[in-house]
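Note sheet for the following structure.
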Amino acid sequence: MPLVASLLCIAGLIGAAGPGLRQTGAQAPPGDPMVPDSVLGIPAGPTLILERTEGIPVVGIRVSAPLDPAWPGAARILVEQALNRARDRAEVIGAELWGGVQDGRIAFHAIADARYADELAWVVRMLTAEPEATGAGRPIARENARLDQLAETPRGRLILEVEAKILGSGGGGALPVPAVGDVQDMWLRSFARDRLRILVLGDLPLYWVFANLSRIGASAEAQAGAPILPPPRTLSFPESPLYSWTAAAFTLGPSHDPAVLAAVAALRLGLQQSDIADAAVHLLEGPDDRSGWLGITAQATRGRDADAALASALALVSEEGLDAWWMRGVAAARSDLVAAASTPGGWLALSDRYHSADGSTNARTALERFNTLRREDLAAVLEQFQATLFRPRIDR
């Protein structure tokens, strides 16, 4: 049976919580692949989100932790170290590995044939282990090089400005450069056991999950105090490029909100269909942590043309501007969610994204929300746009 069809036939419940566990959310109606079968809490430990997939010979495991502090640079180094550490072991069993930052959380997933479940658990433990000082040199060097390279282009400078906003280190491209100790401190804070979510997709008994995954992360005894950020490093931008550039950055709200996803899709469609003369306009969706920040750049041979093009693009982010594209944006965003839910990695990511401690939200409620979206839902999105819009100077 094809994987997509198989996932749509998921059924069965994990069972009642065992001793010392607590059920933290309502169980799913049998057969609903958009809602986890069980959500269990381990005292002083992680939240377990489990989906039983009888008859599907694949196991997927995802571990996510809050990004604390909100420092994309340190998170990138932590992720790169983890992937380097686990890659050889994963290749032995043909496992798919992914690591990154999504929705304000550091996350890893590993997916492999169910025959290698024990080896896959080992890979996940390697991914989530404390970062070692000896392996940080090259990732730190690459992060420094990345900052320098971004500073050489106007679009890169906009990314730096947005990351500075997220980190709260000010504008002007001022970003701190992570050191080994900063990455280790981030792991100690973010990967505290009681802050983790562990999502398991597969035909695995609860005792296996508990035995292999419940001790992932930093114990309370090992956790350190809040990391101290180093002084910001100011990036010197080169002289003006040949073309004139201008840009704006903003958020429309949390990246998991269906109304925001629909508005972004509508904006994307509107920009693709807009005929803006004498300039090139691009939508920048990112940074790669999917924090909800968006950017628009406009490039032209004359500064006034770039300014006019940006103004035309920003005019789309209004009730009148998005009205023509709103329903198409809703349909596109809903289709993207359904497509993502049909793959193991997508299911793990969506279940993590829409998890709530009280069980009030999940991927199913998000999907149903798309069915009820109206143009009136744009009001909150546009308020967020007006409250966060800023215009960094990137053409120097």
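Labels for the structure tokens follow display order: chains A, B, ..., residues from 1 in each chain, ligands from 1.
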inquiry  = Env of stretch 131-143 of chain A: 10 Å cut, atoms = only C-alpha atoms, seq-sep filter 2 positions within chain, self excluded. Answer as a PyMOL selection string.
reply    = chain A and resi 73-74+76-82+84-85+126-129+145-149+177-181+183-188
task = Using only C-alpha atoms, determine which residues lie at most 9 Å from A:Leu337, disregarding the query and same-chain residues fewer than 4 positions distant; provide the list as JSON, numbers by chain.
result = {"A": [332, 333, 341, 342, 346, 350, 363, 366, 367]}
Keeping only N, CA, C and O atoms, write the selected residues as a short mmCIF file (atom, residue, chain, number, x, y, z; two decimals), in the first residue's frame.
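Saved file out-v8.cif follows:
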data_model
loop_
_atom_site.label_atom_id
_atom_site.label_comp_id
_atom_site.auth_asym_id
_atom_site.auth_seq_id
_atom_site.Cartn_x
_atom_site.Cartn_y
_atom_site.Cartn_z
N ALA A 332 -4.72 27.16 -0.95
CA ALA A 332 -3.32 26.74 -1.10
C ALA A 332 -2.72 26.32 0.23
O ALA A 332 -2.01 25.31 0.31
N ALA A 333 -2.97 27.10 1.29
CA ALA A 333 -2.41 26.77 2.60
C ALA A 333 -3.01 25.47 3.14
O ALA A 333 -2.31 24.65 3.73
N ALA A 341 0.89 16.34 5.96
CA ALA A 341 0.43 15.31 6.89
C ALA A 341 0.51 13.91 6.31
O ALA A 341 0.41 12.93 7.04
N SER A 342 0.71 13.79 5.00
CA SER A 342 0.71 12.47 4.36
C SER A 342 2.09 11.83 4.33
O SER A 342 2.24 10.74 3.79
N GLY A 346 6.43 14.97 7.72
CA GLY A 346 5.43 16.02 7.81
C GLY A 346 4.49 15.81 8.96
O GLY A 346 4.11 16.75 9.66
N LEU A 350 3.97 18.49 11.98
CA LEU A 350 2.66 19.09 12.24
C LEU A 350 2.14 18.74 13.64
O LEU A 350 1.56 19.59 14.32
N ALA A 363 -3.37 18.98 14.60
CA ALA A 363 -3.43 19.21 13.16
C ALA A 363 -4.85 19.15 12.63
O ALA A 363 -5.20 19.84 11.66
N ALA A 366 -6.48 22.50 13.20
CA ALA A 366 -5.94 23.46 12.25
C ALA A 366 -6.57 23.29 10.88
O ALA A 366 -6.95 24.26 10.21
N LEU A 367 -6.71 22.03 10.45
CA LEU A 367 -7.33 21.76 9.15
C LEU A 367 -8.77 22.24 9.13
O LEU A 367 -9.23 22.84 8.15
#
message = Report as a list in words all protein, DNA and RNA residues lying within 8 Å of A:Gly100, evaluated on only C-alpha atoms, omitting residues in the same chain fewer than 6 positions from it.
response = Ala75, Arg76, Val79, Ile106, Ala107, Phe108 and Asp289 of chain A
Where does stretch 294-382 of chain A meet stretch 152-170 of chain A within 12 Å, residue by residue, with the nearest atom pair and distance in Å to one decimal for each, counting only C-alpha atoms, listed by chain and rising number, as CSV?
residue,atom,partner,partner_atom,distance
A:Leu294,CA,A:Val162,CA,8.5
A:Gly295,CA,A:Leu158,CA,7.4
A:Ile296,CA,A:Leu158,CA,8.9
A:Thr297,CA,A:Arg155,CA,7.0
A:Ala298,CA,A:Arg155,CA,9.6
A:Gln299,CA,A:Pro154,CA,9.3
Go ahead and write the residues just picked, N, CA, C and O atoms, as an mmCIF file, in the first residue's frame.
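Listed below is the output, selection_25.cif:
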data_model
loop_
_atom_site.group_PDB
_atom_site.id
_atom_site.type_symbol
_atom_site.label_atom_id
_atom_site.label_comp_id
_atom_site.auth_asym_id
_atom_site.auth_seq_id
_atom_site.Cartn_x
_atom_site.Cartn_y
_atom_site.Cartn_z
ATOM 1 N N LEU A 294 8.562 37.955 7.692
ATOM 2 C CA LEU A 294 8.601 38.042 6.235
ATOM 3 C C LEU A 294 9.345 39.294 5.836
ATOM 4 O O LEU A 294 9.409 40.275 6.587
ATOM 5 N N GLY A 295 9.920 39.271 4.659
ATOM 6 C CA GLY A 295 10.586 40.450 4.128
ATOM 7 C C GLY A 295 10.214 40.641 2.664
ATOM 8 O O GLY A 295 9.912 39.679 1.957
ATOM 9 N N ILE A 296 10.212 41.871 2.221
ATOM 10 C CA ILE A 296 10.014 42.193 0.803
ATOM 11 C C ILE A 296 11.157 43.104 0.377
ATOM 12 O O ILE A 296 11.449 44.101 1.049
ATOM 13 N N THR A 297 11.829 42.747 -0.701
ATOM 14 C CA THR A 297 12.884 43.593 -1.253
ATOM 15 C C THR A 297 12.462 44.093 -2.629
ATOM 16 O O THR A 297 11.750 43.396 -3.359
ATOM 17 N N ALA A 298 12.910 45.287 -2.954
ATOM 18 C CA ALA A 298 12.665 45.863 -4.276
ATOM 19 C C ALA A 298 13.991 46.367 -4.830
ATOM 20 O O ALA A 298 14.743 47.056 -4.132
ATOM 21 N N GLN A 299 14.287 46.015 -6.077
ATOM 22 C CA GLN A 299 15.547 46.365 -6.726
ATOM 23 C C GLN A 299 15.244 47.111 -8.019
ATOM 24 O O GLN A 299 14.403 46.694 -8.815
#
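Every protein, DNA or RNA residue with an atom at most 10 Å from A:Thr47, where only C-alpha atoms count and chain neighbours fewer than 2 positions away do not, is listed here: A:Leu21, A:Arg22, A:Gln23, A:Thr24, A:Val39, A:Leu40, A:Gly41, A:Ile42, A:Pro43, A:Ala44, A:Gly45, A:Ile49, A:Leu50, A:Val63, A:Arg193, A:Asp194, A:Arg195, A:Leu196, A:Arg197, A:Ile198, A:Leu199, A:Ser214, A:Ala357.
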Output C-alpha atoms of each residue in that selection to a file, as a PDB file, in the first residue's frame.
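Once everything was written out, this is part-v5.pdb:
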ATOM      1  CA  LEU A  21       2.592   8.729  33.532  1.00  0.00           C
ATOM      2  CA  ARG A  22      -0.200  11.223  33.023  1.00  0.00           C
ATOM      3  CA  GLN A  23      -2.524  11.625  30.054  1.00  0.00           C
ATOM      4  CA  THR A  24      -2.095  15.277  29.025  1.00  0.00           C
ATOM      5  CA  VAL A  39      -0.215  12.243  24.604  1.00  0.00           C
ATOM      6  CA  LEU A  40       1.536  11.259  27.831  1.00  0.00           C
ATOM      7  CA  GLY A  41       3.555  13.238  30.345  1.00  0.00           C
ATOM      8  CA  ILE A  42       6.488  11.822  32.314  1.00  0.00           C
ATOM      9  CA  PRO A  43       6.962  13.510  35.713  1.00  0.00           C
ATOM     10  CA  ALA A  44      10.093  15.721  35.483  1.00  0.00           C
ATOM     11  CA  GLY A  45      10.499  14.337  31.968  1.00  0.00           C
ATOM     12  CA  ILE A  49       3.198  12.168  21.594  1.00  0.00           C
ATOM     13  CA  LEU A  50       2.446   8.763  20.116  1.00  0.00           C
ATOM     14  CA  VAL A  63      12.499  15.451  19.448  1.00  0.00           C
ATOM     15  CA  ARG A 193      13.974  16.932  30.062  1.00  0.00           C
ATOM     16  CA  ASP A 194      10.787  18.527  31.263  1.00  0.00           C
ATOM     17  CA  ARG A 195      10.805  20.934  28.280  1.00  0.00           C
ATOM     18  CA  LEU A 196      11.094  18.305  25.551  1.00  0.00           C
ATOM     19  CA  ARG A 197       8.504  16.833  23.231  1.00  0.00           C
ATOM     20  CA  ILE A 198       9.194  13.383  21.822  1.00  0.00           C
ATOM     21  CA  LEU A 199       6.951  12.326  18.949  1.00  0.00           C
ATOM     22  CA  SER A 214      12.524   8.837  28.288  1.00  0.00           C
ATOM     23  CA  ALA A 357      -0.765  20.810  26.793  1.00  0.00           C
TER      24      ALA A 357
END
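Shortest separation to A:Ala117 among A:Ile93, A:Val59, A:Gln102, A:Val281 occurs at residue A:Val59, atoms counted being only C-alpha atoms.
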query = Which residues come within 10 Å of A:Val124, counting only C-alpha atoms, excluding same-chain residues fewer than 3 positions away, as a ChimeraX atom specification?
reply = /A:61-63,82,86,90,97,108-111,119-121,127-129,212-213,216
Selected residues, N, CA and C atoms, written as a PDB file, in the first residue's frame, please.
ATOM      1  N   ILE A  61      10.842   9.250  14.575  1.00  0.00           N
ATOM      2  CA  ILE A  61      10.985   9.842  15.914  1.00  0.00           C
ATOM      3  C   ILE A  61      11.425  11.288  15.747  1.00  0.00           C
ATOM      4  N   ARG A  62      10.756  12.174  16.443  1.00  0.00           N
ATOM      5  CA  ARG A  62      11.111  13.594  16.432  1.00  0.00           C
ATOM      6  C   ARG A  62      11.251  14.058  17.878  1.00  0.00           C
ATOM      7  N   VAL A  63      12.303  14.826  18.148  1.00  0.00           N
ATOM      8  CA  VAL A  63      12.499  15.451  19.448  1.00  0.00           C
ATOM      9  C   VAL A  63      12.581  16.950  19.216  1.00  0.00           C
ATOM     10  N   ALA A  82      25.080  18.127  15.950  1.00  0.00           N
ATOM     11  CA  ALA A  82      24.269  16.931  16.183  1.00  0.00           C
ATOM     12  C   ALA A  82      24.178  16.068  14.927  1.00  0.00           C
ATOM     13  N   ALA A  86      25.644  12.147  14.362  1.00  0.00           N
ATOM     14  CA  ALA A  86      24.762  10.995  14.150  1.00  0.00           C
ATOM     15  C   ALA A  86      24.743  10.477  12.722  1.00  0.00           C
ATOM     16  N   ALA A  90      23.399   6.798  11.230  1.00  0.00           N
ATOM     17  CA  ALA A  90      22.141   6.778  10.490  1.00  0.00           C
ATOM     18  C   ALA A  90      22.311   6.142   9.113  1.00  0.00           C
ATOM     19  N   LEU A  97      17.611  11.716   8.121  1.00  0.00           N
ATOM     20  CA  LEU A  97      17.874  12.643   9.232  1.00  0.00           C
ATOM     21  C   LEU A  97      17.477  14.052   8.830  1.00  0.00           C
ATOM     22  N   PHE A 108      14.765  17.748  15.821  1.00  0.00           N
ATOM     23  CA  PHE A 108      15.429  16.710  15.026  1.00  0.00           C
ATOM     24  C   PHE A 108      14.413  15.619  14.738  1.00  0.00           C
ATOM     25  N   HIS A 109      14.535  15.024  13.539  1.00  0.00           N
ATOM     26  CA  HIS A 109      13.780  13.795  13.350  1.00  0.00           C
ATOM     27  C   HIS A 109      14.630  12.779  12.620  1.00  0.00           C
ATOM     28  N   ALA A 110      14.305  11.516  12.859  1.00  0.00           N
ATOM     29  CA  ALA A 110      14.972  10.391  12.210  1.00  0.00           C
ATOM     30  C   ALA A 110      13.892   9.394  11.827  1.00  0.00           C
ATOM     31  N   ILE A 111      13.942   8.904  10.590  1.00  0.00           N
ATOM     32  CA  ILE A 111      12.932   7.994  10.062  1.00  0.00           C
ATOM     33  C   ILE A 111      13.652   6.827   9.397  1.00  0.00           C
ATOM     34  N   GLU A 119      18.149   0.648  16.619  1.00  0.00           N
ATOM     35  CA  GLU A 119      19.249   1.464  16.113  1.00  0.00           C
ATOM     36  C   GLU A 119      18.802   2.918  15.906  1.00  0.00           C
ATOM     37  N   LEU A 120      17.540   3.094  15.490  1.00  0.00           N
ATOM     38  CA  LEU A 120      17.021   4.450  15.286  1.00  0.00           C
ATOM     39  C   LEU A 120      16.966   5.202  16.610  1.00  0.00           C
ATOM     40  N   ALA A 121      16.577   4.527  17.683  1.00  0.00           N
ATOM     41  CA  ALA A 121      16.566   5.170  18.999  1.00  0.00           C
ATOM     42  C   ALA A 121      17.974   5.609  19.383  1.00  0.00           C
ATOM     43  N   LEU A 127      21.673  12.398  18.395  1.00  0.00           N
ATOM     44  CA  LEU A 127      21.267  13.730  17.926  1.00  0.00           C
ATOM     45  C   LEU A 127      21.038  14.689  19.089  1.00  0.00           C
ATOM     46  N   THR A 128      20.499  14.161  20.181  1.00  0.00           N
ATOM     47  CA  THR A 128      20.084  15.027  21.287  1.00  0.00           C
ATOM     48  C   THR A 128      21.081  15.047  22.434  1.00  0.00           C
ATOM     49  N   ALA A 129      22.253  14.463  22.238  1.00  0.00           N
ATOM     50  CA  ALA A 129      23.266  14.452  23.286  1.00  0.00           C
ATOM     51  C   ALA A 129      23.868  15.844  23.461  1.00  0.00           C
ATOM     52  N   ASN A 212      13.647   3.498  25.772  1.00  0.00           N
ATOM     53  CA  ASN A 212      14.655   3.991  24.845  1.00  0.00           C
ATOM     54  C   ASN A 212      14.744   5.506  24.760  1.00  0.00           C
ATOM     55  N   LEU A 213      13.663   6.215  25.128  1.00  0.00           N
ATOM     56  CA  LEU A 213      13.628   7.650  24.840  1.00  0.00           C
ATOM     57  C   LEU A 213      13.373   8.541  26.049  1.00  0.00           C
ATOM     58  N   ILE A 216      16.224  11.048  27.442  1.00  0.00           N
ATOM     59  CA  ILE A 216      16.860  12.022  26.548  1.00  0.00           C
ATOM     60  C   ILE A 216      16.860  13.403  27.206  1.00  0.00           C
TER      61      ILE A 216
END
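From atom CA of A:Asp103 back to atom CA of A:Phe250, the distance works out to 16.1 Å.
Each of A:Glu130, A:Asp305, A:Asp113, A:Asp118 was compared to A:Pro57 using only C-alpha atoms, and A:Asp113 turns out to be the nearest.
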inquiry  = Taking 2 positions as the minimum chain separation for residues in the same chain, which residues sit within 12 Å of A:Ser244 when counting only C-alpha atoms? Answer as JSON, numbers by chain.
reply    = {"A": [153, 154, 155, 239, 240, 241, 242, 246, 247, 278, 279, 280, 297, 298, 299, 300, 301, 302, 303, 304, 305, 306, 307, 308, 309, 310, 393, 394, 395, 396]}
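Distance check against A:Ala192 using only C-alpha atoms: of A:Arg215, A:Arg115, A:His256, A:Arg52, the minimum falls on A:Arg215.
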task = Find the residue from A:Met327, A:Thr343, A:Arg353, A:Leu314 that sits nearest to A:Arg391; use only C-alpha atoms when measuring.
result = A:Leu314
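In this comparison, which uses only C-alpha atoms, the residue of A:Leu284, A:Val317, A:Ala262, A:Leu67 approaching A:Asp336 most closely is A:Ala262.
Among the candidates A:Gly321, A:Gly292, A:Pro36, A:Gly202, the one nearest to A:Gly60 when counting only C-alpha atoms is A:Gly202.
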ask   = In Å to one decimal, how far is atom CA of A:Asn371 from atom CA of A:Asp352?
value = 21.5 Å
inquiry  = Taking only stretch 95-147 of chain A into account, list the residues labelled helix (DSSP H, G or I) by DSSP (computed from the backbone), as a ChimeraX atom specification.
reply    = /A:114-127,133-135,137-147
